[in-house]
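Chemist: I'd like to ask some things about the structure below.
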There are 2 protein chains.
Amino acid sequence: MVTKQLLKDLPEDADLRRADSLAREIFSDVANKWALLIIEALGERTLRFSELRNEVEGVSHKMLTQNLRMLERNGLVDRKAHPTVPPRVEYTLTDPGRALRTAVDVICGWTQQHLGHIESARGRFDA
Amino acid sequence: MVTKQLLKDLPEDADLRRADSLAREIFSDVANKWALLIIEALGERTLRFSELRNEVEGVSHKMLTQNLRMLERNGLVDRKAHPTVPPRVEYTLTDPGRALRTAVDVICGWTQQHLGHIESARGRFDA
DNA sequence: CAGCATCCACCTCGATACTG
DNA sequence: CAGTATCGAGGTGGATGCTG
């Protein structure tokens, strides 16, 4: 990513710049702890707000709302509000959301796999 | 990841909890904008501090130092200081670092691929 | 139950200045 | 050049209370 700006003063210039800054923005949105944990928690399931709150350990009400809004805005999760009382709101990953989840899975797998290496690296560094 | 705590009062209990909290810690370290951008910028190359500063657009001196220390501590980058004057310090991804980079690549690819979808999703949401 | 608004303690981050 | 320390503005995120 982060398309190198090699062209100069060409018509596409502005468009490329815009696409690049958009990409950076999306990357910043998505490359954060809570967003990734929410995506991972959702997986293939459809979860209510309160269920999600329980699944994503340690997330506050506020952070969950905030990140869900952001993910919804970027078209990564689908929000379905049922007009019942009490309210019932369900969240599901969209196709792009599911696609991104594979990347999150890789990170999670990587974390598990290298726990040992990291722990010993820390031991060495802290000494 | 985030191993479900299903066992109760067993000997392994403590160990599992520790591994889990360690995993969370690492995930938090790694799932942040600058760390991922630094890993992506390094790639297969060996770069000096100042080169890295140029490659990772928008990173401040402080953030770069801070994240490099963290990555070094976790054994993701290798730091090699040459005792010359002026100083010359080179950074390279370790094997685990390179492994994680494949995940970053997936995220970057995903970002590029879904730019259009995301932009239109935003348009819809903001309306 | 889900969501929004408010308040505020804390911490992140950039700027700056200084060392080896 | 690389790194550390300091400081201050601004952002982050938790707690709380209120709405439909």
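Every chain in the structure tokens has a letter given in the order shown (A, B, ...), and although residue numbers restart at 1 in each chain, ligands are simply numbered from 1 in the order shown.
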Apply DSSP to the backbone of this structure and, from stretch 11-125 of chain A, keep only the residues in strand (DSSP E or B); write these as a count of residues only.
Modeler: 16
Chemist: Enumerate as a list in words the residues belonging to chain B that approach chain C to within 12 Å, with only C-alpha atoms (C1' of nucleotides) taken into account.
Modeler: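 Filtering chain B at 12 Å from chain C with only C-alpha atoms (C1' of nucleotides) gives Gly58, Val59, Ser60, His61, Lys62, Met63, Leu64, Gln66, Pro83, Thr84, Val85, Pro86 and Pro87 of chain B.
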Chemist: Give me a file of those residues, with C-alpha atoms, as an mmCIF file, in the first residue's frame.
Modeler:
```cif
data_model
loop_
_atom_site.group_PDB
_atom_site.id
_atom_site.type_symbol
_atom_site.label_atom_id
_atom_site.label_comp_id
_atom_site.auth_asym_id
_atom_site.auth_seq_id
_atom_site.Cartn_x
_atom_site.Cartn_y
_atom_site.Cartn_z
ATOM 1 C CA GLY B 58 4.205 11.099 9.010
ATOM 2 C CA VAL B 59 5.925 9.295 11.859
ATOM 3 C CA SER B 60 7.582 11.509 14.433
ATOM 4 C CA HIS B 61 11.065 10.938 15.764
ATOM 5 C CA LYS B 62 9.607 9.986 19.106
ATOM 6 C CA MET B 63 7.006 7.529 17.821
ATOM 7 C CA LEU B 64 9.597 5.834 15.649
ATOM 8 C CA GLN B 66 9.298 4.222 20.859
ATOM 9 C CA PRO B 83 30.191 2.232 16.894
ATOM 10 C CA THR B 84 31.177 4.809 14.298
ATOM 11 C CA VAL B 85 30.991 8.554 14.351
ATOM 12 C CA PRO B 86 28.494 9.689 13.394
ATOM 13 C CA PRO B 87 26.495 6.788 14.791
#
```
Chemist: Report chain B as a short mmCIF file (atom, residue, chain, number, x, y, z; two decimals) with N, CA and C atoms, in the first residue's frame in the frame of chain A, after least-squares superposition over all C-alpha atoms paired in order.
Modeler:
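Written file, out-v5.cif:
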```cif
data_model
loop_
_atom_site.label_atom_id
_atom_site.label_comp_id
_atom_site.auth_asym_id
_atom_site.auth_seq_id
_atom_site.Cartn_x
_atom_site.Cartn_y
_atom_site.Cartn_z
N MET B 1 1.05 -1.19 -0.13
CA MET B 1 0.19 -0.01 -0.15
C MET B 1 1.03 1.27 -0.11
N VAL B 2 0.36 2.37 0.25
CA VAL B 2 1.01 3.66 0.31
C VAL B 2 1.74 3.90 -1.01
N THR B 3 0.94 3.99 -2.05
CA THR B 3 1.44 4.19 -3.40
C THR B 3 2.48 5.29 -3.46
N LYS B 4 3.64 4.94 -3.94
CA LYS B 4 4.69 5.96 -4.11
C LYS B 4 4.24 6.99 -5.13
N GLN B 5 4.47 8.24 -4.81
CA GLN B 5 4.08 9.31 -5.72
C GLN B 5 5.22 9.59 -6.69
N LEU B 6 5.20 8.88 -7.81
CA LEU B 6 6.27 9.00 -8.77
C LEU B 6 5.93 9.99 -9.88
N LEU B 7 4.66 10.08 -10.16
CA LEU B 7 4.21 10.97 -11.24
C LEU B 7 4.17 12.40 -10.75
N LYS B 8 4.43 13.28 -11.68
CA LYS B 8 4.40 14.69 -11.30
C LYS B 8 3.56 15.51 -12.26
N ASP B 9 2.67 16.29 -11.71
CA ASP B 9 1.88 17.20 -12.51
C ASP B 9 1.11 16.51 -13.63
N LEU B 10 0.68 15.31 -13.41
CA LEU B 10 -0.17 14.65 -14.39
C LEU B 10 -1.62 14.77 -13.92
N PRO B 11 -2.56 14.56 -14.84
CA PRO B 11 -3.97 14.66 -14.48
C PRO B 11 -4.35 13.73 -13.32
N GLU B 12 -3.81 12.51 -13.32
CA GLU B 12 -4.17 11.53 -12.30
C GLU B 12 -3.65 11.92 -10.92
N ASP B 13 -2.72 12.83 -10.89
CA ASP B 13 -2.10 13.25 -9.66
C ASP B 13 -3.06 13.34 -8.48
N ALA B 14 -4.05 14.21 -8.65
CA ALA B 14 -5.00 14.47 -7.57
C ALA B 14 -5.71 13.20 -7.13
N ASP B 15 -6.14 12.41 -8.10
CA ASP B 15 -6.85 11.18 -7.78
C ASP B 15 -5.98 10.22 -6.99
N LEU B 16 -4.73 10.08 -7.43
CA LEU B 16 -3.83 9.19 -6.72
C LEU B 16 -3.63 9.63 -5.28
N ARG B 17 -3.44 10.92 -5.13
CA ARG B 17 -3.24 11.46 -3.79
C ARG B 17 -4.46 11.17 -2.92
N ARG B 18 -5.63 11.34 -3.51
CA ARG B 18 -6.84 11.14 -2.74
C ARG B 18 -6.97 9.68 -2.32
N ALA B 19 -6.74 8.77 -3.28
CA ALA B 19 -6.83 7.34 -2.99
C ALA B 19 -5.83 6.98 -1.89
N ASP B 20 -4.66 7.58 -1.97
CA ASP B 20 -3.62 7.28 -0.99
C ASP B 20 -4.02 7.74 0.40
N SER B 21 -4.55 8.95 0.49
CA SER B 21 -4.92 9.45 1.81
C SER B 21 -6.11 8.68 2.35
N LEU B 22 -6.99 8.26 1.44
CA LEU B 22 -8.12 7.43 1.87
C LEU B 22 -7.61 6.11 2.42
N ALA B 23 -6.65 5.52 1.72
CA ALA B 23 -6.09 4.25 2.17
C ALA B 23 -5.46 4.39 3.55
N ARG B 24 -4.73 5.48 3.76
CA ARG B 24 -4.12 5.72 5.05
C ARG B 24 -5.16 5.84 6.14
N GLU B 25 -6.23 6.53 5.80
CA GLU B 25 -7.31 6.74 6.76
C GLU B 25 -7.92 5.41 7.17
N ILE B 26 -8.21 4.59 6.16
CA ILE B 26 -8.81 3.29 6.43
C ILE B 26 -7.86 2.43 7.24
N PHE B 27 -6.59 2.48 6.86
CA PHE B 27 -5.60 1.70 7.58
C PHE B 27 -5.58 2.10 9.06
N SER B 28 -5.61 3.39 9.31
CA SER B 28 -5.62 3.87 10.69
C SER B 28 -6.87 3.42 11.43
N ASP B 29 -7.99 3.46 10.74
CA ASP B 29 -9.25 3.03 11.35
C ASP B 29 -9.16 1.57 11.77
N VAL B 30 -8.66 0.78 10.85
CA VAL B 30 -8.72 -0.67 10.99
C VAL B 30 -7.59 -1.23 11.84
N ALA B 31 -6.42 -0.59 11.78
CA ALA B 31 -5.26 -1.10 12.51
C ALA B 31 -5.29 -0.65 13.96
N ASN B 32 -6.33 -0.96 14.65
CA ASN B 32 -6.39 -0.66 16.08
C ASN B 32 -7.02 -1.82 16.82
N LYS B 33 -6.52 -2.00 17.99
CA LYS B 33 -6.88 -3.10 18.88
C LYS B 33 -8.36 -3.47 18.88
N TRP B 34 -9.21 -2.52 19.25
CA TRP B 34 -10.63 -2.85 19.43
C TRP B 34 -11.32 -3.23 18.13
N ALA B 35 -11.01 -2.51 17.08
CA ALA B 35 -11.63 -2.85 15.79
C ALA B 35 -11.30 -4.29 15.41
N LEU B 36 -10.04 -4.66 15.53
CA LEU B 36 -9.64 -6.01 15.15
C LEU B 36 -10.26 -7.05 16.07
N LEU B 37 -10.33 -6.75 17.36
CA LEU B 37 -10.91 -7.72 18.30
C LEU B 37 -12.41 -7.89 18.04
N ILE B 38 -13.06 -6.80 17.67
CA ILE B 38 -14.50 -6.89 17.38
C ILE B 38 -14.72 -7.74 16.13
N ILE B 39 -13.92 -7.50 15.12
CA ILE B 39 -14.04 -8.28 13.89
C ILE B 39 -13.82 -9.75 14.17
N GLU B 40 -12.80 -10.02 14.97
CA GLU B 40 -12.49 -11.40 15.31
C GLU B 40 -13.63 -12.03 16.12
N ALA B 41 -14.20 -11.28 17.03
CA ALA B 41 -15.28 -11.80 17.88
C ALA B 41 -16.52 -12.11 17.05
N LEU B 42 -16.82 -11.24 16.11
CA LEU B 42 -18.00 -11.46 15.29
C LEU B 42 -17.87 -12.74 14.46
N GLY B 43 -16.75 -12.85 13.76
CA GLY B 43 -16.54 -14.04 12.94
C GLY B 43 -17.70 -14.25 12.00
N GLU B 44 -18.24 -15.45 11.99
CA GLU B 44 -19.34 -15.76 11.08
C GLU B 44 -20.69 -15.55 11.75
N ARG B 45 -20.64 -15.14 13.00
CA ARG B 45 -21.87 -15.04 13.77
C ARG B 45 -22.58 -13.70 13.64
N THR B 46 -23.80 -13.69 14.11
CA THR B 46 -24.55 -12.46 14.27
C THR B 46 -24.74 -12.25 15.75
N LEU B 47 -24.28 -11.13 16.26
CA LEU B 47 -24.33 -10.91 17.70
C LEU B 47 -25.01 -9.60 18.04
N ARG B 48 -25.68 -9.63 19.18
CA ARG B 48 -26.30 -8.42 19.69
C ARG B 48 -25.23 -7.56 20.35
N PHE B 49 -25.57 -6.29 20.57
CA PHE B 49 -24.62 -5.38 21.20
C PHE B 49 -24.12 -5.94 22.52
N SER B 50 -25.03 -6.38 23.34
CA SER B 50 -24.64 -6.86 24.67
C SER B 50 -23.84 -8.16 24.60
N GLU B 51 -24.14 -9.00 23.63
CA GLU B 51 -23.36 -10.23 23.47
C GLU B 51 -21.94 -9.89 23.07
N LEU B 52 -21.83 -8.95 22.15
CA LEU B 52 -20.53 -8.51 21.68
C LEU B 52 -19.72 -7.93 22.85
N ARG B 53 -20.42 -7.21 23.68
CA ARG B 53 -19.77 -6.61 24.85
C ARG B 53 -19.17 -7.70 25.73
N ASN B 54 -19.84 -8.83 25.83
CA ASN B 54 -19.31 -9.94 26.63
C ASN B 54 -18.18 -10.68 25.92
N GLU B 55 -18.30 -10.78 24.62
CA GLU B 55 -17.30 -11.52 23.85
C GLU B 55 -15.95 -10.80 23.82
N VAL B 56 -16.01 -9.50 23.61
CA VAL B 56 -14.77 -8.73 23.52
C VAL B 56 -14.37 -8.29 24.92
N GLU B 57 -13.52 -9.08 25.53
CA GLU B 57 -13.18 -8.86 26.93
C GLU B 57 -12.47 -7.52 27.14
N GLY B 58 -13.00 -6.77 28.09
CA GLY B 58 -12.35 -5.54 28.49
C GLY B 58 -12.79 -4.31 27.72
N VAL B 59 -13.66 -4.48 26.73
CA VAL B 59 -14.10 -3.32 25.97
C VAL B 59 -15.18 -2.57 26.75
N SER B 60 -15.09 -1.26 26.74
CA SER B 60 -16.10 -0.46 27.43
C SER B 60 -17.27 -0.23 26.50
N HIS B 61 -18.40 0.10 27.10
CA HIS B 61 -19.61 0.41 26.34
C HIS B 61 -19.28 1.43 25.25
N LYS B 62 -18.60 2.47 25.65
CA LYS B 62 -18.30 3.57 24.75
C LYS B 62 -17.41 3.14 23.57
N MET B 63 -16.35 2.44 23.87
CA MET B 63 -15.43 1.99 22.82
C MET B 63 -16.14 1.07 21.85
N LEU B 64 -17.00 0.20 22.37
CA LEU B 64 -17.72 -0.71 21.51
C LEU B 64 -18.64 0.06 20.55
N THR B 65 -19.42 0.98 21.10
CA THR B 65 -20.29 1.79 20.26
C THR B 65 -19.49 2.52 19.20
N GLN B 66 -18.45 3.19 19.66
CA GLN B 66 -17.64 4.01 18.77
C GLN B 66 -17.06 3.19 17.61
N ASN B 67 -16.48 2.05 17.95
CA ASN B 67 -15.85 1.22 16.93
C ASN B 67 -16.89 0.57 16.02
N LEU B 68 -18.04 0.21 16.57
CA LEU B 68 -19.08 -0.37 15.73
C LEU B 68 -19.56 0.66 14.72
N ARG B 69 -19.73 1.90 15.16
CA ARG B 69 -20.13 2.97 14.23
C ARG B 69 -19.12 3.10 13.11
N MET B 70 -17.85 3.11 13.50
CA MET B 70 -16.78 3.27 12.52
C MET B 70 -16.79 2.11 11.53
N LEU B 71 -16.92 0.90 12.06
CA LEU B 71 -16.92 -0.27 11.19
C LEU B 71 -18.14 -0.27 10.29
N GLU B 72 -19.25 0.19 10.82
CA GLU B 72 -20.47 0.26 10.02
C GLU B 72 -20.30 1.29 8.91
N ARG B 73 -19.74 2.42 9.28
CA ARG B 73 -19.51 3.49 8.31
C ARG B 73 -18.64 3.02 7.16
N ASN B 74 -17.62 2.24 7.48
CA ASN B 74 -16.71 1.75 6.45
C ASN B 74 -17.23 0.50 5.75
N GLY B 75 -18.45 0.10 6.11
CA GLY B 75 -19.05 -1.04 5.43
C GLY B 75 -18.45 -2.38 5.80
N LEU B 76 -17.91 -2.49 7.02
CA LEU B 76 -17.34 -3.77 7.44
C LEU B 76 -18.32 -4.58 8.27
N VAL B 77 -19.22 -3.90 8.96
CA VAL B 77 -20.26 -4.61 9.69
C VAL B 77 -21.63 -4.10 9.26
N ASP B 78 -22.57 -5.00 9.36
CA ASP B 78 -23.95 -4.67 9.03
C ASP B 78 -24.71 -4.53 10.33
N ARG B 79 -25.43 -3.43 10.49
CA ARG B 79 -26.17 -3.17 11.71
C ARG B 79 -27.66 -3.32 11.43
N LYS B 80 -28.31 -4.18 12.20
CA LYS B 80 -29.73 -4.39 12.00
C LYS B 80 -30.49 -4.13 13.30
N ALA B 81 -31.25 -3.06 13.32
CA ALA B 81 -32.00 -2.68 14.52
C ALA B 81 -33.43 -3.20 14.41
N HIS B 82 -33.87 -3.99 15.40
CA HIS B 82 -35.24 -4.46 15.44
C HIS B 82 -36.08 -3.51 16.27
N PRO B 83 -37.16 -3.02 15.70
CA PRO B 83 -37.99 -2.02 16.39
C PRO B 83 -38.87 -2.64 17.46
N THR B 84 -38.26 -3.40 18.35
CA THR B 84 -39.01 -4.05 19.42
C THR B 84 -38.74 -3.30 20.72
N VAL B 85 -39.42 -3.72 21.76
CA VAL B 85 -39.13 -3.14 23.06
C VAL B 85 -39.06 -4.28 24.06
N PRO B 86 -37.87 -4.47 24.66
CA PRO B 86 -36.68 -3.61 24.54
C PRO B 86 -36.00 -3.75 23.19
N PRO B 87 -35.23 -2.74 22.84
CA PRO B 87 -34.55 -2.74 21.54
C PRO B 87 -33.64 -3.95 21.37
N ARG B 88 -33.44 -4.34 20.14
CA ARG B 88 -32.57 -5.46 19.83
C ARG B 88 -31.81 -5.09 18.57
N VAL B 89 -30.50 -4.98 18.71
CA VAL B 89 -29.68 -4.59 17.57
C VAL B 89 -28.65 -5.67 17.31
N GLU B 90 -28.61 -6.13 16.07
CA GLU B 90 -27.70 -7.21 15.74
C GLU B 90 -26.62 -6.77 14.76
N TYR B 91 -25.43 -7.28 14.98
CA TYR B 91 -24.28 -6.93 14.14
C TYR B 91 -23.73 -8.18 13.45
N THR B 92 -23.41 -8.01 12.18
CA THR B 92 -22.85 -9.10 11.37
C THR B 92 -21.75 -8.54 10.50
N LEU B 93 -20.73 -9.34 10.23
CA LEU B 93 -19.70 -8.90 9.30
C LEU B 93 -20.24 -8.90 7.89
N THR B 94 -19.89 -7.90 7.11
CA THR B 94 -20.22 -7.90 5.68
C THR B 94 -19.15 -8.74 4.97
N ASP B 95 -19.27 -8.90 3.68
CA ASP B 95 -18.26 -9.66 2.94
C ASP B 95 -16.86 -9.05 3.07
N PRO B 96 -16.72 -7.75 2.86
CA PRO B 96 -15.40 -7.16 3.06
C PRO B 96 -14.92 -7.37 4.50
N GLY B 97 -15.84 -7.27 5.45
CA GLY B 97 -15.49 -7.51 6.85
C GLY B 97 -14.93 -8.90 7.06
N ARG B 98 -15.62 -9.87 6.46
CA ARG B 98 -15.15 -11.26 6.57
C ARG B 98 -13.79 -11.44 5.90
N ALA B 99 -13.61 -10.73 4.80
CA ALA B 99 -12.31 -10.82 4.11
C ALA B 99 -11.19 -10.31 5.01
N LEU B 100 -11.47 -9.21 5.69
CA LEU B 100 -10.45 -8.66 6.58
C LEU B 100 -10.19 -9.61 7.74
N ARG B 101 -11.22 -10.32 8.13
CA ARG B 101 -11.07 -11.23 9.27
C ARG B 101 -10.00 -12.28 9.03
N THR B 102 -9.82 -12.68 7.79
CA THR B 102 -8.78 -13.67 7.53
C THR B 102 -7.41 -13.09 7.92
N ALA B 103 -7.25 -11.78 7.71
CA ALA B 103 -5.99 -11.14 8.10
C ALA B 103 -5.85 -11.14 9.62
N VAL B 104 -6.97 -10.85 10.30
CA VAL B 104 -6.93 -10.85 11.76
C VAL B 104 -6.59 -12.24 12.27
N ASP B 105 -7.16 -13.24 11.61
CA ASP B 105 -6.87 -14.62 11.99
C ASP B 105 -5.37 -14.90 11.91
N VAL B 106 -4.76 -14.40 10.83
CA VAL B 106 -3.32 -14.60 10.67
C VAL B 106 -2.56 -13.98 11.84
N ILE B 107 -2.94 -12.77 12.21
CA ILE B 107 -2.28 -12.11 13.33
C ILE B 107 -2.47 -12.90 14.62
N CYS B 108 -3.69 -13.37 14.84
CA CYS B 108 -3.97 -14.15 16.05
C CYS B 108 -3.14 -15.43 16.07
N GLY B 109 -3.11 -16.10 14.95
CA GLY B 109 -2.33 -17.32 14.85
C GLY B 109 -0.85 -17.04 15.10
N TRP B 110 -0.39 -15.96 14.49
CA TRP B 110 0.99 -15.56 14.66
C TRP B 110 1.30 -15.33 16.14
N THR B 111 0.40 -14.63 16.81
CA THR B 111 0.61 -14.34 18.22
C THR B 111 0.79 -15.62 19.02
N GLN B 112 -0.15 -16.55 18.84
CA GLN B 112 -0.07 -17.82 19.56
C GLN B 112 1.24 -18.52 19.27
N GLN B 113 1.59 -18.56 17.98
CA GLN B 113 2.73 -19.34 17.54
C GLN B 113 4.06 -18.80 18.08
N HIS B 114 4.12 -17.47 18.27
CA HIS B 114 5.39 -16.88 18.65
C HIS B 114 5.45 -16.43 20.10
N LEU B 115 4.47 -16.85 20.90
CA LEU B 115 4.45 -16.48 22.31
C LEU B 115 5.79 -16.77 22.97
N GLY B 116 6.28 -17.97 22.73
CA GLY B 116 7.53 -18.39 23.36
C GLY B 116 8.70 -17.52 22.95
N HIS B 117 8.84 -17.35 21.66
CA HIS B 117 9.93 -16.52 21.14
C HIS B 117 9.90 -15.12 21.72
N ILE B 118 8.69 -14.55 21.75
CA ILE B 118 8.54 -13.19 22.24
C ILE B 118 8.88 -13.09 23.72
N GLU B 119 8.39 -14.08 24.48
CA GLU B 119 8.65 -14.04 25.91
C GLU B 119 10.15 -14.08 26.19
N SER B 120 10.86 -14.94 25.47
CA SER B 120 12.30 -15.03 25.74
C SER B 120 13.02 -13.79 25.20
N ALA B 121 12.53 -13.23 24.09
CA ALA B 121 13.13 -12.01 23.57
C ALA B 121 12.99 -10.89 24.60
N ARG B 122 11.85 -10.83 25.22
CA ARG B 122 11.63 -9.81 26.25
C ARG B 122 12.58 -10.01 27.42
N GLY B 123 12.73 -11.28 27.81
CA GLY B 123 13.64 -11.58 28.91
C GLY B 123 15.03 -11.07 28.61
N ARG B 124 15.48 -11.33 27.39
CA ARG B 124 16.81 -10.90 26.98
C ARG B 124 16.90 -9.38 26.99
N PHE B 125 15.89 -8.73 26.39
CA PHE B 125 15.91 -7.28 26.26
C PHE B 125 15.90 -6.59 27.63
N ASP B 126 15.05 -7.09 28.50
CA ASP B 126 14.89 -6.43 29.79
C ASP B 126 16.12 -6.59 30.68
N ALA B 127 17.00 -7.51 30.27
CA ALA B 127 18.20 -7.74 31.09
C ALA B 127 19.29 -6.73 30.73
#
```
Chemist: Pull out every residue of chain D sitting within 9 Å of chain B, counting only C-alpha atoms (C1' of nucleotides), and send them as a list in words.
Modeler: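 Residues of chain D within 9 Å of chain B, counting only C-alpha atoms (C1' of nucleotides): DC1, DA2 and DG3 of chain D.
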Chemist: Write the selection just made, keeping N, CA, C and O atoms (P, O5', C5', C4', C3', O3' and C1' of nucleotides), as a PDB file, in the first residue's frame?
Modeler:
```pdb
ATOM      1  P    DC D   1      22.190  13.543   9.485  1.00  0.00           P
ATOM      2  O5'  DC D   1      22.832  12.509  10.550  1.00  0.00           O
ATOM      3  C5'  DC D   1      23.447  11.363  10.019  1.00  0.00           C
ATOM      4  C4'  DC D   1      23.396  10.292  11.075  1.00  0.00           C
ATOM      5  C3'  DC D   1      21.991   9.862  11.480  1.00  0.00           C
ATOM      6  O3'  DC D   1      21.973   8.435  11.598  1.00  0.00           O
ATOM      7  C1'  DC D   1      23.156  10.685  13.387  1.00  0.00           C
ATOM      8  P    DA D   2      20.636   7.606  11.784  1.00  0.00           P
ATOM      9  O5'  DA D   2      20.538   7.438  13.367  1.00  0.00           O
ATOM     10  C5'  DA D   2      21.467   6.574  14.005  1.00  0.00           C
ATOM     11  C4'  DA D   2      21.313   6.659  15.498  1.00  0.00           C
ATOM     12  C3'  DA D   2      19.897   6.370  16.005  1.00  0.00           C
ATOM     13  O3'  DA D   2      19.980   5.292  16.934  1.00  0.00           O
ATOM     14  C1'  DA D   2      20.754   8.352  16.976  1.00  0.00           C
ATOM     15  P    DG D   3      18.635   4.774  17.646  1.00  0.00           P
ATOM     16  O5'  DG D   3      18.628   5.660  18.959  1.00  0.00           O
ATOM     17  C5'  DG D   3      19.726   5.538  19.849  1.00  0.00           C
ATOM     18  C4'  DG D   3      19.546   6.515  20.983  1.00  0.00           C
ATOM     19  C3'  DG D   3      18.170   6.417  21.660  1.00  0.00           C
ATOM     20  O3'  DG D   3      18.362   5.979  22.991  1.00  0.00           O
ATOM     21  C1'  DG D   3      18.843   8.663  21.322  1.00  0.00           C
TER      22       DG D   3
END
```
Chemist: Would you list, as a ChimeraX atom specification, the residues of chain B that end up in helix (DSSP H, G or I) under DSSP run on this structure's backbone?
Modeler: /B:13-30,33-42,49-55,61-73,95-126
